[in-house]
Amino acid sequence: MPDGTAIVFDSRMLAHDPGRGHPERPERLRVLLDHLDRARDLVPLGARLATEEEIALVHAPGHIERAAASAGQSRVVFDPDTATSAGSYEAARLAAGSLLTVCDAVLAGEVRNGFALVRPPGHHAEYDRAMGFCLFNNVALAAAWLRARGLRRVAIVDWDLHHGNGTQHLFEDDPDVLYVSAHQFPCYPGTGAVEEVGCGAGAGRTLNLPFPPGFGDEEYVRAFDEVVLPVCRAFAPDFVLVSAGFDCDARDPLGQMRVSPAGFARMADACRALAEETAGGRIAAVLEGGYDLSAIVEGVDEVLAALRGEARTLPLATGDARRADRVLARVRAAHAPYWAL
Ligand SMILES: [Zn+2]
């Protein structure tokens, strides 16, 4: 197995300005750049722009045209939460291209795995529109791109506070892309109920874990152990993608979840172990949300440590595993036709 964990970032992604006082602000990435500048044992890779042909793997031509037309404009409003500045289109193409750069390096055997540190985030972006701070769906594009490169099955694990409606909708009838999301519920964007399990040939390939506010490390880790990992193992992906959001951290100003860095370490380590089991170690993470700067820095640190295979034994700091009984019972019932859980 090749060595090394890649990181990709590009300061042009700081130029995306969604407006004064917006939580998805350039500082989110700037603190990571400053912090990781001192990191030694990572392989820095240069970002590239995703091409319009690549973006068209998951987005409608009209949406790509509208995003492209925002380039150079001081402000274009796409939805109540999503506006662009002059540099946003370039930043969004770099965000999508950064994850493709990681996937490419992993496929080529140049690195073992990697993390694309990007903004704007992606998982709310739908086929034909920007939504919820997101212009292009970075993780969905990577999944479609990997499939186009000949990989048979791709699993996307999304632990961002919010449900990735865009990712789910893009693959809900696709039997070869498994989408797993743990998210606060009810919460923005309103999708992600247990009963949303995929449709048609993709039935059972969407796994939603809608968590009530207040869940912490213990509940998340129990859900991973008892449901997420068994389903992922049975699916046996050839590549694992992680939508790594840090807005489920207890410090986040937008969410009410209570995950700590120890929880992120355990979830990331579970994903790495899964990739080693079924995917030849191939795994790439991409930054989604997370609006407390310390939580982002510490969470990214833990994910990078897990990707490097540094087993950390941080004790779980928050939560109560028994509180997950009810939601896990409902998930098992909804997925009984598809998986032995
Ligand atoms: Zn989020």
# chains A, B, ... in the order shown; residues from 1 in each chain; ligands from 1

call {"tool": "residues_around", "arguments": {"residues": "range 238-241 of chain A", "least_positions_apart": "6", "cutoff": "7 Å", "atoms": "only C-alpha atoms", "output": "PDB file with all heavy atoms, in the first residue's frame"}}
result
ATOM      1  N   LEU A 151     -14.314   2.539 -11.195  1.00  0.00           N
ATOM      2  CA  LEU A 151     -14.533   1.905  -9.895  1.00  0.00           C
ATOM      3  C   LEU A 151     -15.978   1.453  -9.808  1.00  0.00           C
ATOM      4  O   LEU A 151     -16.893   2.150 -10.248  1.00  0.00           O
ATOM      5  CB  LEU A 151     -14.172   2.854  -8.749  1.00  0.00           C
ATOM      6  CG  LEU A 151     -12.660   2.832  -8.492  1.00  0.00           C
ATOM      7  CD1 LEU A 151     -11.988   3.891  -9.318  1.00  0.00           C
ATOM      8  CD2 LEU A 151     -12.356   2.972  -7.034  1.00  0.00           C
ATOM      9  N   ARG A 152     -16.185   0.291  -9.233  1.00  0.00           N
ATOM     10  CA  ARG A 152     -17.544  -0.283  -9.254  1.00  0.00           C
ATOM     11  C   ARG A 152     -18.442   0.331  -8.191  1.00  0.00           C
ATOM     12  O   ARG A 152     -19.566   0.718  -8.474  1.00  0.00           O
ATOM     13  CB  ARG A 152     -17.465  -1.797  -9.046  1.00  0.00           C
ATOM     14  CG  ARG A 152     -16.814  -2.488 -10.239  1.00  0.00           C
ATOM     15  CD  ARG A 152     -17.392  -3.855 -10.559  1.00  0.00           C
ATOM     16  NE  ARG A 152     -18.014  -4.556  -9.450  1.00  0.00           N
ATOM     17  CZ  ARG A 152     -17.439  -5.548  -8.775  1.00  0.00           C
ATOM     18  NH1 ARG A 152     -16.229  -5.944  -9.068  1.00  0.00           N
ATOM     19  NH2 ARG A 152     -18.077  -6.164  -7.814  1.00  0.00           N
ATOM     20  N   ARG A 153     -17.971   0.389  -6.971  1.00  0.00           N
ATOM     21  CA  ARG A 153     -18.844   0.863  -5.893  1.00  0.00           C
ATOM     22  C   ARG A 153     -18.122   1.915  -5.044  1.00  0.00           C
ATOM     23  O   ARG A 153     -16.970   1.729  -4.646  1.00  0.00           O
ATOM     24  CB  ARG A 153     -19.261  -0.308  -4.993  1.00  0.00           C
ATOM     25  CG  ARG A 153     -20.327  -1.204  -5.609  1.00  0.00           C
ATOM     26  CD  ARG A 153     -20.742  -2.298  -4.641  1.00  0.00           C
ATOM     27  NE  ARG A 153     -19.609  -3.117  -4.243  1.00  0.00           N
ATOM     28  CZ  ARG A 153     -19.128  -4.131  -4.946  1.00  0.00           C
ATOM     29  NH1 ARG A 153     -19.701  -4.479  -6.079  1.00  0.00           N
ATOM     30  NH2 ARG A 153     -18.076  -4.802  -4.528  1.00  0.00           N
ATOM     31  N   VAL A 154     -18.844   2.995  -4.749  1.00  0.00           N
ATOM     32  CA  VAL A 154     -18.293   4.085  -3.931  1.00  0.00           C
ATOM     33  C   VAL A 154     -19.228   4.308  -2.747  1.00  0.00           C
ATOM     34  O   VAL A 154     -20.452   4.387  -2.916  1.00  0.00           O
ATOM     35  CB  VAL A 154     -18.182   5.384  -4.757  1.00  0.00           C
ATOM     36  CG1 VAL A 154     -17.651   6.526  -3.883  1.00  0.00           C
ATOM     37  CG2 VAL A 154     -17.283   5.177  -5.980  1.00  0.00           C
ATOM     38  N   ALA A 155     -18.657   4.404  -1.546  1.00  0.00           N
ATOM     39  CA  ALA A 155     -19.435   4.741  -0.350  1.00  0.00           C
ATOM     40  C   ALA A 155     -19.110   6.168   0.064  1.00  0.00           C
ATOM     41  O   ALA A 155     -17.938   6.570   0.064  1.00  0.00           O
ATOM     42  CB  ALA A 155     -19.119   3.780   0.798  1.00  0.00           C
ATOM     43  N   ILE A 156     -20.141   6.927   0.392  1.00  0.00           N
ATOM     44  CA  ILE A 156     -19.968   8.292   0.911  1.00  0.00           C
ATOM     45  C   ILE A 156     -20.484   8.304   2.341  1.00  0.00           C
ATOM     46  O   ILE A 156     -21.656   8.013   2.587  1.00  0.00           O
ATOM     47  CB  ILE A 156     -20.766   9.308   0.064  1.00  0.00           C
ATOM     48  CG1 ILE A 156     -20.350   9.266  -1.402  1.00  0.00           C
ATOM     49  CG2 ILE A 156     -20.598  10.716   0.651  1.00  0.00           C
ATOM     50  CD1 ILE A 156     -21.258  10.094  -2.321  1.00  0.00           C
ATOM     51  N   VAL A 157     -19.604   8.632   3.278  1.00  0.00           N
ATOM     52  CA  VAL A 157     -19.996   8.741   4.684  1.00  0.00           C
ATOM     53  C   VAL A 157     -19.987  10.222   5.046  1.00  0.00           C
ATOM     54  O   VAL A 157     -18.978  10.907   4.874  1.00  0.00           O
ATOM     55  CB  VAL A 157     -19.032   7.951   5.599  1.00  0.00           C
ATOM     56  CG1 VAL A 157     -19.432   8.112   7.064  1.00  0.00           C
ATOM     57  CG2 VAL A 157     -19.016   6.473   5.205  1.00  0.00           C
ATOM     58  N   ALA A 275     -12.013   1.334   4.604  1.00  0.00           N
ATOM     59  CA  ALA A 275     -11.325   1.442   3.320  1.00  0.00           C
ATOM     60  C   ALA A 275     -10.234   0.381   3.201  1.00  0.00           C
ATOM     61  O   ALA A 275     -10.039  -0.218   2.137  1.00  0.00           O
ATOM     62  CB  ALA A 275     -10.735   2.842   3.142  1.00  0.00           C
ATOM     63  N   THR A 278     -12.034  -3.124   2.485  1.00  0.00           N
ATOM     64  CA  THR A 278     -12.719  -3.443   1.220  1.00  0.00           C
ATOM     65  C   THR A 278     -12.189  -2.675   0.018  1.00  0.00           C
ATOM     66  O   THR A 278     -12.517  -3.033  -1.108  1.00  0.00           O
ATOM     67  CB  THR A 278     -14.240  -3.158   1.305  1.00  0.00           C
ATOM     68  OG1 THR A 278     -14.478  -1.764   1.161  1.00  0.00           O
ATOM     69  CG2 THR A 278     -14.830  -3.650   2.616  1.00  0.00           C
ATOM     70  N   ALA A 279     -11.455  -1.592   0.228  1.00  0.00           N
ATOM     71  CA  ALA A 279     -11.141  -0.682  -0.880  1.00  0.00           C
ATOM     72  C   ALA A 279      -9.642  -0.508  -1.102  1.00  0.00           C
ATOM     73  O   ALA A 279      -9.216   0.483  -1.704  1.00  0.00           O
ATOM     74  CB  ALA A 279     -11.806   0.676  -0.634  1.00  0.00           C
ATOM     75  N   ARG A 282      -8.210   2.858  -0.114  1.00  0.00           N
ATOM     76  CA  ARG A 282      -8.508   4.101  -0.848  1.00  0.00           C
ATOM     77  C   ARG A 282      -9.621   4.892  -0.169  1.00  0.00           C
ATOM     78  O   ARG A 282     -10.782   4.473  -0.143  1.00  0.00           O
ATOM     79  CB  ARG A 282      -8.898   3.778  -2.295  1.00  0.00           C
ATOM     80  CG  ARG A 282      -7.720   3.193  -3.069  1.00  0.00           C
ATOM     81  CD  ARG A 282      -8.072   2.931  -4.510  1.00  0.00           C
ATOM     82  NE  ARG A 282      -9.010   1.828  -4.608  1.00  0.00           N
ATOM     83  CZ  ARG A 282      -9.013   0.955  -5.613  1.00  0.00           C
ATOM     84  NH1 ARG A 282      -8.113   1.062  -6.584  1.00  0.00           N
ATOM     85  NH2 ARG A 282      -9.892  -0.019  -5.665  1.00  0.00           N
ATOM     86  N   ILE A 283      -9.258   6.063   0.359  1.00  0.00           N
ATOM     87  CA  ILE A 283     -10.221   6.924   1.051  1.00  0.00           C
ATOM     88  C   ILE A 283      -9.790   8.379   0.880  1.00  0.00           C
ATOM     89  O   ILE A 283      -8.586   8.687   0.889  1.00  0.00           O
ATOM     90  CB  ILE A 283     -10.327   6.538   2.551  1.00  0.00           C
ATOM     91  CG1 ILE A 283     -11.301   7.476   3.293  1.00  0.00           C
ATOM     92  CG2 ILE A 283      -8.986   6.507   3.245  1.00  0.00           C
ATOM     93  CD1 ILE A 283     -11.650   7.006   4.697  1.00  0.00           C
ATOM     94  N   ALA A 284     -10.774   9.245   0.680  1.00  0.00           N
ATOM     95  CA  ALA A 284     -10.505  10.683   0.595  1.00  0.00           C
ATOM     96  C   ALA A 284     -11.596  11.424   1.349  1.00  0.00           C
ATOM     97  O   ALA A 284     -12.779  11.095   1.223  1.00  0.00           O
ATOM     98  CB  ALA A 284     -10.476  11.134  -0.869  1.00  0.00           C
ATOM     99  N   ALA A 285     -11.181  12.402   2.131  1.00  0.00           N
ATOM    100  CA  ALA A 285     -12.129  13.224   2.882  1.00  0.00           C
ATOM    101  C   ALA A 285     -12.186  14.618   2.261  1.00  0.00           C
ATOM    102  O   ALA A 285     -11.223  15.078   1.640  1.00  0.00           O
ATOM    103  CB  ALA A 285     -11.694  13.329   4.348  1.00  0.00           C
TER     104      ALA A 285
END

call {"tool": "closest_atom_pairs", "arguments": {"of": "chain A", "to": "ligand 1", "cutoff": "7 Å", "atoms": "only C-alpha atoms and all ligand atoms", "output": "tab-separated table"}}
result
residue	atom	partner	partner_atom_place_in_ligand_line	distance
A:Asp160	CA	ligand 1	1 (Zn)	4.9
A:Leu161	CA	ligand 1	1 (Zn)	4.7
A:His162	CA	ligand 1	1 (Zn)	4.3
A:Gly245	CA	ligand 1	1 (Zn)	6.0
A:Asp247	CA	ligand 1	1 (Zn)	5.6
A:Glu288	CA	ligand 1	1 (Zn)	6.5
A:Gly289	CA	ligand 1	1 (Zn)	4.2
A:Gly290	CA	ligand 1	1 (Zn)	6.4

call {"tool": "write_last_selection", "arguments": {"atoms": "N, CA, C and O atoms", "output": "PDB file, in the first residue's frame"}}
result
ATOM      1  N   ASP A 160     -21.415  15.488   8.678  1.00  0.00           N
ATOM      2  CA  ASP A 160     -21.750  16.902   8.871  1.00  0.00           C
ATOM      3  C   ASP A 160     -23.046  17.000   9.686  1.00  0.00           C
ATOM      4  O   ASP A 160     -23.902  16.124   9.619  1.00  0.00           O
ATOM      5  N   LEU A 161     -23.185  18.084  10.435  1.00  0.00           N
ATOM      6  CA  LEU A 161     -24.404  18.313  11.238  1.00  0.00           C
ATOM      7  C   LEU A 161     -25.668  18.180  10.408  1.00  0.00           C
ATOM      8  O   LEU A 161     -26.702  17.711  10.884  1.00  0.00           O
ATOM      9  N   HIS A 162     -25.583  18.630   9.154  1.00  0.00           N
ATOM     10  CA  HIS A 162     -26.764  18.709   8.294  1.00  0.00           C
ATOM     11  C   HIS A 162     -26.849  17.522   7.346  1.00  0.00           C
ATOM     12  O   HIS A 162     -25.824  16.948   6.959  1.00  0.00           O
ATOM     13  N   GLY A 245     -17.794  17.233   7.990  1.00  0.00           N
ATOM     14  CA  GLY A 245     -18.226  18.515   8.529  1.00  0.00           C
ATOM     15  C   GLY A 245     -17.959  18.531  10.026  1.00  0.00           C
ATOM     16  O   GLY A 245     -18.018  17.484  10.676  1.00  0.00           O
ATOM     17  N   ASP A 247     -19.559  20.823  12.113  1.00  0.00           N
ATOM     18  CA  ASP A 247     -20.611  21.595  12.776  1.00  0.00           C
ATOM     19  C   ASP A 247     -21.424  20.745  13.761  1.00  0.00           C
ATOM     20  O   ASP A 247     -22.297  21.275  14.439  1.00  0.00           O
ATOM     21  N   GLU A 288     -16.697  19.797   4.681  1.00  0.00           N
ATOM     22  CA  GLU A 288     -18.039  20.335   4.440  1.00  0.00           C
ATOM     23  C   GLU A 288     -18.228  21.535   5.370  1.00  0.00           C
ATOM     24  O   GLU A 288     -17.512  22.501   5.259  1.00  0.00           O
ATOM     25  N   GLY A 289     -19.163  21.452   6.346  1.00  0.00           N
ATOM     26  CA  GLY A 289     -19.407  22.593   7.228  1.00  0.00           C
ATOM     27  C   GLY A 289     -18.529  22.584   8.472  1.00  0.00           C
ATOM     28  O   GLY A 289     -17.591  21.801   8.597  1.00  0.00           O
ATOM     29  N   GLY A 290     -18.905  23.446   9.434  1.00  0.00           N
ATOM     30  CA  GLY A 290     -18.121  23.624  10.659  1.00  0.00           C
ATOM     31  C   GLY A 290     -17.812  25.095  10.797  1.00  0.00           C
ATOM     32  O   GLY A 290     -17.121  25.655   9.937  1.00  0.00           O
TER      33      GLY A 290
END

call {"tool": "select_by_dssp", "arguments": {"residues": "range 144-302 of chain A", "states": "helix (DSSP H, G or I)", "output": "number ranges by chain"}}
result
A: 144-148, 165-171, 200-202, 217-235, 261-278, 293-302

call {"tool": "atom_distance", "arguments": {"atom1": "CA of Asp128 in chain A", "atom2": "CA of Ala83 in chain A"}}
result
15.8 Å

call {"tool": "residues_around", "arguments": {"residues": "range 134-140 of chain A", "least_positions_apart": "3", "cutoff": "6 Å", "atoms": "only C-alpha atoms", "output": "ChimeraX atom specification"}}
result
/A:96,120-125,130-131,143,167

call {"tool": "write_last_selection", "arguments": {"atoms": "N, CA and C atoms", "output": "tab-separated table (two decimals), in the first residue's frame"}}
result
chain	number	residue	atom	x	y	z
A	96	ALA	N	-14.13	21.64	-5.99
A	96	ALA	CA	-14.46	20.37	-6.64
A	96	ALA	C	-13.19	19.69	-7.16
A	120	PRO	N	-16.17	26.87	-1.25
A	120	PRO	CA	-17.39	26.52	-0.53
A	120	PRO	C	-17.58	25.01	-0.39
A	121	PRO	N	-18.39	24.63	0.65
A	121	PRO	CA	-18.71	23.21	0.83
A	121	PRO	C	-19.66	22.74	-0.27
A	122	GLY	N	-20.09	21.47	-0.20
A	122	GLY	CA	-20.81	20.96	-1.37
A	122	GLY	C	-22.09	20.18	-1.16
A	123	HIS	N	-22.30	19.54	-0.01
A	123	HIS	CA	-23.29	18.46	0.02
A	123	HIS	C	-24.76	18.88	-0.08
A	124	HIS	N	-25.04	20.19	0.03
A	124	HIS	CA	-26.43	20.63	-0.20
A	124	HIS	C	-26.72	20.95	-1.67
A	125	ALA	N	-25.69	21.11	-2.49
A	125	ALA	CA	-25.91	21.51	-3.88
A	125	ALA	C	-26.65	20.41	-4.64
A	130	ALA	N	-27.73	25.77	-6.67
A	130	ALA	CA	-26.93	25.99	-5.47
A	130	ALA	C	-27.86	26.03	-4.28
A	131	MET	N	-27.35	25.69	-3.11
A	131	MET	CA	-28.21	25.67	-1.92
A	131	MET	C	-27.34	25.56	-0.67
A	143	ALA	N	-17.61	11.11	-6.46
A	143	ALA	CA	-18.18	9.76	-6.57
A	143	ALA	C	-18.48	9.43	-8.03
A	167	THR	N	-26.40	15.29	-2.19
A	167	THR	CA	-25.72	14.01	-2.41
A	167	THR	C	-26.74	12.87	-2.46

call {"tool": "closest_residue", "arguments": {"among": "A:Leu293, A:Ala321, A:Cys232, A:Ala268", "to": "His35 in chain A", "atoms": "only C-alpha atoms"}}
result
A:Leu293
